[in-house]
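With mmCIF, C-alpha atoms inside, this is model02.cif:
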data_work
loop_
_atom_site.label_atom_id
_atom_site.label_comp_id
_atom_site.auth_asym_id
_atom_site.auth_seq_id
_atom_site.Cartn_x
_atom_site.Cartn_y
_atom_site.Cartn_z
CA MET N 1 130.39 -20.73 2.13
CA ALA N 2 132.36 -17.50 2.65
CA THR N 3 130.91 -14.03 2.90
CA TRP N 4 132.46 -10.60 3.17
CA LYS N 5 131.52 -6.98 2.87
CA ASN N 6 131.11 -5.88 -0.74
CA ARG N 7 132.52 -2.37 -1.06
CA ARG N 8 131.23 -2.24 -4.67
CA PHE N 9 133.40 0.71 -5.70
CA LEU N 10 136.05 -0.25 -8.26
CA SER N 11 138.50 2.19 -9.81
CA THR N 12 140.31 1.10 -13.00
CA ARG N 13 143.44 2.56 -14.58
CA GLU N 14 145.40 1.44 -17.65
CA ILE N 15 149.08 1.50 -16.64
CA THR N 16 150.39 0.13 -19.95
CA LYS N 17 148.62 -1.49 -22.90
CA ASN N 18 149.14 -4.81 -21.12
CA MET N 19 148.68 -3.85 -17.49
CA THR N 20 145.41 -2.76 -15.87
CA PHE N 21 145.21 -1.61 -12.27
CA PHE N 22 142.15 -2.04 -10.03
CA THR N 23 141.55 -0.62 -6.56
CA ASN N 24 138.59 -0.07 -4.24
CA GLU N 25 139.71 3.51 -3.60
CA PRO N 26 139.68 6.56 -5.89
CA PHE N 27 142.92 6.32 -7.88
CA ASN N 28 144.60 9.72 -7.69
CA SER N 29 148.27 8.77 -7.87
CA GLU N 30 150.49 9.84 -10.73
CA VAL N 31 152.34 7.02 -12.50
CA ASP N 32 155.81 7.55 -13.93
CA PRO N 33 155.48 6.18 -17.49
CA LYS N 34 159.14 5.14 -17.59
CA THR N 35 159.57 3.49 -14.19
CA LEU N 36 155.87 2.62 -13.53
CA GLU N 37 156.29 4.00 -10.02
CA PHE N 38 153.18 5.17 -8.18
CA LYS N 39 153.92 8.58 -6.69
CA LYS N 40 151.36 8.02 -3.93
CA PRO N 41 151.42 4.30 -3.22
CA SER N 42 148.52 2.80 -1.30
CA ARG N 43 149.05 0.73 1.81
CA ASN N 44 147.05 -2.16 0.42
CA PRO N 45 148.59 -5.53 -0.41
CA LEU N 46 148.70 -6.49 -4.10
CA VAL N 47 147.29 -9.28 -6.21
CA LEU N 48 149.11 -9.86 -9.50
CA ILE N 49 146.68 -11.46 -11.95
CA MET N 50 148.43 -13.19 -14.85
CA ALA N 51 145.49 -13.36 -17.23
CA TRP N 52 144.42 -15.90 -19.82
CA LEU N 53 144.68 -15.15 -23.54
CA MET N 54 141.98 -12.83 -24.93
CA ALA N 55 140.83 -11.94 -21.41
CA SER N 56 138.19 -9.22 -21.59
CA GLN N 57 138.16 -6.25 -19.23
CA LYS N 58 134.68 -7.31 -18.14
CA HIS N 59 135.89 -10.71 -16.95
CA LEU N 60 139.09 -9.34 -15.43
CA ARG N 61 136.96 -6.93 -13.39
CA LYS N 62 135.01 -9.87 -11.91
CA TYR N 63 138.18 -11.51 -10.64
CA ALA N 64 139.70 -8.21 -9.57
CA GLN N 65 136.61 -7.40 -7.51
CA ILE N 66 136.96 -10.63 -5.52
CA TYR N 67 140.17 -9.14 -4.18
CA THR N 68 139.37 -5.41 -4.10
CA ASP N 69 136.31 -6.22 -1.97
CA MET N 70 138.76 -7.75 0.51
CA GLY N 71 140.99 -4.67 0.51
CA PHE N 72 143.65 -5.68 -2.03
CA ASP N 73 144.83 -3.66 -5.01
CA VAL N 74 145.04 -5.68 -8.24
CA MET N 75 147.35 -5.47 -11.24
CA ALA N 76 146.12 -7.57 -14.18
CA VAL N 77 148.70 -8.49 -16.80
CA HIS N 78 147.31 -9.58 -20.16
CA VAL N 79 149.02 -10.43 -23.47
CA THR N 80 147.83 -10.62 -27.08
CA PRO N 81 148.14 -13.62 -29.42
CA TRP N 82 150.77 -11.71 -31.45
CA GLN N 83 152.82 -11.11 -28.29
CA LEU N 84 152.62 -14.80 -27.50
CA LEU N 85 153.73 -15.78 -31.02
CA TRP N 86 156.76 -13.47 -30.93
CA PRO N 87 158.10 -13.57 -27.34
CA VAL N 88 161.20 -11.39 -27.75
CA LYS N 89 159.20 -8.36 -28.90
CA GLY N 90 156.02 -9.45 -27.14
CA THR N 91 155.67 -11.39 -23.91
CA GLN N 92 159.22 -10.69 -22.75
CA VAL N 93 158.63 -6.94 -23.00
CA VAL N 94 155.44 -7.35 -20.95
CA ALA N 95 157.37 -9.48 -18.44
CA ALA N 96 159.98 -6.72 -18.09
CA ASP N 97 157.26 -4.16 -17.34
CA THR N 98 155.63 -6.51 -14.82
CA LEU N 99 158.93 -6.98 -13.01
CA LYS N 100 159.69 -3.26 -13.18
CA PHE N 101 156.37 -2.46 -11.52
CA MET N 102 156.90 -4.93 -8.68
CA GLU N 103 160.49 -3.83 -8.11
CA ILE N 104 159.87 -0.08 -7.97
CA ASN N 105 156.64 -0.15 -5.93
CA LYS N 106 158.17 -1.65 -2.81
CA SER N 107 155.24 -0.69 -0.59
CA TYR N 108 153.20 -3.49 -2.13
CA ALA N 109 153.54 -6.34 0.34
CA PRO N 110 152.44 -9.00 0.59
CA ILE N 111 151.94 -9.93 -3.08
CA VAL N 112 149.53 -12.69 -4.13
CA ILE N 113 149.96 -14.21 -7.60
CA HIS N 114 146.77 -15.46 -9.26
CA GLY N 115 147.47 -16.92 -12.69
CA PHE N 116 145.25 -18.34 -15.41
CA SER N 117 146.07 -20.57 -18.38
CA VAL N 118 148.87 -18.94 -20.45
CA GLY N 119 149.59 -16.73 -17.45
CA ALA N 120 151.77 -19.61 -16.22
CA TYR N 121 154.00 -19.13 -19.27
CA GLN N 122 153.99 -15.37 -18.72
CA LEU N 123 155.14 -15.73 -15.11
CA GLY N 124 157.86 -18.08 -16.34
CA GLU N 125 159.14 -15.23 -18.52
CA VAL N 126 159.10 -12.91 -15.48
CA MET N 127 161.06 -15.44 -13.41
CA LEU N 128 163.63 -15.91 -16.19
CA GLN N 129 164.36 -12.20 -16.01
CA MET N 130 164.53 -12.37 -12.20
CA ALA N 131 167.02 -15.23 -12.42
CA ARG N 132 169.53 -13.04 -14.29
CA ASP N 133 170.00 -10.88 -11.19
CA MET N 134 168.78 -12.66 -8.08
CA GLU N 135 170.46 -10.20 -5.73
CA ARG N 136 168.49 -7.35 -7.29
CA TYR N 137 165.14 -9.12 -7.39
CA SER N 138 165.26 -11.06 -4.13
CA GLN N 139 163.22 -8.29 -2.47
CA VAL N 140 160.42 -8.93 -4.99
CA LEU N 141 160.41 -12.66 -4.30
CA ASP N 142 160.49 -12.03 -0.55
CA ARG N 143 157.24 -10.04 -0.81
CA ILE N 144 155.32 -12.84 -2.56
CA ALA N 145 153.16 -14.62 0.03
CA CYS N 146 151.23 -17.21 -1.98
CA GLN N 147 150.12 -18.25 -5.45
CA ILE N 148 146.95 -19.52 -7.12
CA TRP N 149 146.93 -21.29 -10.51
CA ASP N 150 143.67 -21.63 -12.40
CA SER N 151 143.81 -23.92 -15.47
CA ALA N 152 147.58 -23.46 -15.90
CA ALA N 153 148.60 -24.38 -19.47
CA ASP N 154 152.00 -25.80 -20.43
CA ILE N 155 153.73 -25.41 -23.82
CA THR N 156 152.33 -28.72 -25.06
CA GLU N 157 148.86 -27.19 -24.86
CA ILE N 158 149.67 -23.97 -26.78
CA PRO N 159 148.44 -25.33 -30.17
CA ILE N 160 145.18 -26.37 -28.46
CA GLY N 161 144.65 -23.34 -26.23
CA VAL N 162 145.42 -20.46 -28.58
CA PRO N 163 142.87 -21.47 -31.28
CA LYS N 164 140.15 -22.07 -28.66
CA SER N 165 140.85 -18.67 -27.10
CA ILE N 166 140.67 -16.77 -30.39
CA PHE N 167 137.87 -18.75 -32.06
CA PRO N 168 135.86 -20.24 -29.15
CA LYS N 169 132.80 -21.05 -31.31
CA ASN N 170 134.37 -21.80 -34.70
CA PRO N 171 135.82 -25.34 -34.94
CA ARG N 172 136.94 -24.84 -38.55
CA MET N 173 139.00 -21.76 -37.69
CA GLN N 174 140.31 -23.52 -34.59
CA SER N 175 141.59 -26.34 -36.77
CA ALA N 176 143.22 -23.95 -39.24
CA LEU N 177 144.92 -21.97 -36.49
CA ARG N 178 146.00 -25.14 -34.70
CA ASN N 179 147.77 -26.26 -37.87
CA TYR N 180 149.43 -22.85 -38.15
CA MET N 181 150.52 -22.95 -34.49
CA LEU N 182 152.21 -26.31 -35.06
CA TYR N 183 153.91 -24.89 -38.16
CA HIS N 184 154.92 -21.75 -36.27
CA MET N 185 156.46 -23.68 -33.38
CA LYS N 186 158.41 -25.91 -35.76
CA THR N 187 159.52 -23.19 -38.20
CA PHE N 188 160.30 -20.47 -35.65
CA HIS N 189 162.00 -22.63 -33.06
CA ASN N 190 164.67 -20.07 -32.15
CA GLN N 191 162.32 -17.09 -32.29
CA ALA N 192 159.45 -18.67 -30.34
CA THR N 193 159.50 -22.31 -29.25
CA ILE N 194 162.82 -22.22 -27.42
CA HIS N 195 161.43 -19.39 -25.28
CA TYR N 196 158.29 -21.39 -24.49
CA MET N 197 160.51 -24.30 -23.43
CA ARG N 198 162.71 -22.16 -21.20
CA SER N 199 159.69 -20.57 -19.55
CA SER N 200 158.10 -23.98 -18.98
CA GLN N 201 161.29 -25.29 -17.38
CA MET N 202 161.40 -22.22 -15.14
CA PHE N 203 157.75 -22.63 -14.16
CA HIS N 204 158.36 -26.28 -13.24
CA SER N 205 161.44 -25.44 -11.16
CA THR N 206 160.05 -22.01 -10.02
CA LEU N 207 161.67 -19.24 -8.03
CA VAL N 208 158.42 -18.69 -6.12
CA LYS N 209 158.56 -21.12 -3.21
CA GLN N 210 155.39 -19.95 -1.48
CA PRO N 211 152.29 -22.18 -1.00
CA ALA N 212 150.23 -22.82 -4.13
CA LEU N 213 146.60 -23.63 -4.87
CA PHE N 214 145.70 -25.27 -8.19
CA PHE N 215 142.23 -25.27 -9.79
CA VAL N 216 141.76 -27.84 -12.58
CA SER N 217 139.07 -30.01 -14.16
CA GLU N 218 139.09 -33.45 -15.76
CA ASN N 219 137.47 -32.21 -18.98
CA ASP N 220 139.92 -29.36 -19.67
CA PRO N 221 142.13 -30.13 -22.71
CA ILE N 222 144.06 -26.84 -22.43
CA GLY N 223 145.11 -27.04 -18.77
CA PRO N 224 144.62 -30.76 -18.03
CA PRO N 225 145.14 -32.24 -14.57
CA SER N 226 148.06 -34.32 -15.89
CA SER N 227 150.29 -31.35 -16.75
CA ASN N 228 149.28 -29.50 -13.59
CA GLN N 229 149.97 -32.64 -11.57
CA ALA N 230 153.47 -32.77 -13.05
CA VAL N 231 154.09 -29.22 -11.82
CA ARG N 232 152.67 -30.15 -8.43
CA GLU N 233 155.04 -33.10 -8.09
CA ASN N 234 158.05 -30.97 -9.01
CA TRP N 235 157.06 -28.30 -6.52
CA GLU N 236 156.36 -30.73 -3.71
CA ARG N 237 159.82 -32.24 -4.25
CA ALA N 238 161.10 -28.69 -3.67
CA ASN N 239 159.13 -28.59 -0.38
CA ILE N 240 156.50 -26.20 -1.72
CA LYS N 241 153.11 -26.72 -0.10
CA VAL N 242 150.52 -27.43 -2.81
CA SER N 243 146.72 -27.70 -2.59
CA PHE N 244 144.83 -29.21 -5.53
CA LYS N 245 141.17 -28.75 -6.40
CA CYS N 246 140.00 -30.87 -9.33
CA TRP N 247 136.43 -30.88 -10.62
CA GLU N 248 135.08 -33.64 -12.83
CA ARG N 249 133.45 -31.12 -15.15
CA SER N 250 134.10 -27.42 -15.42
CA GLN N 251 135.45 -24.92 -17.95
CA HIS N 252 138.96 -23.74 -18.76
CA ALA N 253 139.80 -20.55 -16.84
CA ALA N 254 136.15 -20.29 -15.78
CA HIS N 255 135.95 -22.51 -12.69
CA PHE N 256 134.82 -19.47 -10.69
CA VAL N 257 131.81 -19.10 -13.01
CA ARG N 258 130.88 -22.79 -12.85
CA HIS N 259 131.66 -23.46 -9.17
CA ARG N 260 131.49 -20.05 -7.52
CA GLU N 261 130.97 -21.03 -3.87
CA GLU N 262 133.52 -23.85 -3.88
CA TYR N 263 136.02 -21.66 -5.70
CA LEU N 264 135.69 -18.84 -3.20
CA GLU N 265 135.80 -21.22 -0.26
CA CYS N 266 139.05 -22.83 -1.46
CA LEU N 267 140.55 -19.46 -2.31
CA LEU N 268 139.71 -17.88 1.05
CA LYS N 269 141.00 -20.91 2.94
CA HIS N 270 144.27 -20.69 1.00
CA LEU N 271 144.66 -16.96 1.66
CA GLN N 272 143.95 -17.49 5.35
CA SER N 273 146.44 -20.35 5.65
CA CYS N 274 149.12 -18.16 4.04
CA GLY N 275 148.45 -15.29 6.43
CA VAL N 276 147.55 -12.67 3.82
CA ILE N 277 144.01 -12.07 5.05
CA GLU N 278 145.31 -10.42 8.22
CA SER N 279 147.30 -7.93 6.14
CA VAL N 280 144.11 -6.34 4.81
CA GLY N 281 142.22 -6.58 8.10
CA LEU N 282 139.44 -8.49 6.36
CA LYS N 283 136.35 -8.99 8.47
CA THR N 284 134.93 -12.22 7.20
CA ARG N 285 132.61 -14.95 8.33
CA ALA N 286 133.63 -18.24 6.87
CA LYS N 287 132.41 -21.81 7.24
CA LEU N 288 135.35 -23.86 6.05
#
How does this structure look as structure tokens?
Amino acid sequence: MATWKNRRFLSTREITKNMTFFTNEPFNSEVDPKTLEFKKPSRNPLVLIMAWLMASQKHLRKYAQIYTDMGFDVMAVHVTPWQLLWPVKGTQVVAADTLKFMEINKSYAPIVIHGFSVGAYQLGEVMLQMARDMERYSQVLDRIACQIWDSAADITEIPIGVPKSIFPKNPRMQSALRNYMLYHMKTFHNQATIHYMRSSQMFHSTLVKQPALFFVSENDPIGPPSSNQAVRENWERANIKVSFKCWERSQHAAHFVRHREEYLECLLKHLQSCGVIESVGLKTRAKL
């Protein structure tokens, strides 16, 4: 069990329609709407949350507060179903803004990536844009210290995950939307599916070589252990250190809700092993 001081205060600021910033300090910095540069950057390290589809602000705040209570700032990136369906005008635009923010705000170091579900695809889109100019973006990659993946979903799970995210309690609508998703991916191969495939390939090969922690459960059809295990094997072949926490029963992108103490214990241990706890001067008592 891990415990730390709860500072309770949480300041929230919408940076773009798809990016929400959280900090434990009063947010009084101006943000350039074109460059996304903070005029008065904080000295805190940053957690980049790549959110699940249909993530509510209420739930994002819960995850953000895990980190703000430890002294991190948090940027949560969230996309809509429409943006996922039409990547060129949707998720790729959000990816460009995400990369722009990390590039221009150089004071944010180290950076922790904490992704959920479709957030794996979204980070793949970010990395594809990085790959076009590695010399330019190497400073962003150098500042990333570790990564956490909660219920990461691959492209094969998109027709399953999207309907469950939009209609969590309506099986009939889930079935109808699942059929449409299959039609969409087949009919709009060049406009959508090819981008999902490229992002998936990038996620499996990854530019982020820092240690990773995976949270999965046996009963999750959207982010099953099998697809996450495939990523793990690819990363370990690339000499990336990977930790894997698999529950027999849990809930997609809600392991923290179902297994709070274990989740926090694994997370804190991972952050400590990657050396990011020292960067925020966290005073913590932990039994690991």
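Counting only C-alpha atoms and comparing N:His252, N:His78, N:His259, N:Lys241, the residue that lies closest to Ala95 of chain N is N:His78.
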Exactly which residues make up the result of the PyMOL selection byres ((chain N and resi 79-94) around 8) on this file, given as a PyMOL selection string? chain N and resi 18+51+53-54+77-78+95-98+122+125-126+162+191-192+195
Excluding segment 136-147 of chain N and its own-chain neighbours fewer than 4 positions away, which residues fall within 7 Å of it when counting only C-alpha atoms? Please give them as a PyMOL selection string. chain N and resi 102-103+109-114+130+208+210-213+274
Within 9 Å of Phe9 of chain N using all atoms listed in the file, minus same-chain residues under 3 positions, as a ChimeraX atom specification: /N:6,23-26,65,68-69
Between N:Ser205, N:Asn28, N:Gln129, N:Ser226, which is the closest to Ser42 of chain N once you count all atoms listed in the file?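 Using all atoms listed in the file, Ser42 of chain N sits closest to N:Asn28.
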Option closest in space to Ile66 of chain N, from N:Trp149, N:Phe22, N:Phe244, N:Tyr180 [counting all atoms listed in the file]: N:Phe22
Find, counting all atoms listed in the file, the residue in N:Glu248, N:Glu261, N:Glu278, N:Glu157 that gets nearest to Gly223 of chain N. N:Glu157
Name the residues in contact with Val231 of chain N at a cut-off of 10 Å, using all atoms listed in the file, excluding same-chain residues fewer than 3 positions from it; report them as a list in words.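 In the requested form, the answer reads Ala152, Asp154, Ser200, Gln201, Phe203, His204, Ser205, Thr206, Phe214, Pro225, Ser226, Ser227, Asn228, Asn234, Trp235, Glu236, Arg237 and Val242 of chain N.
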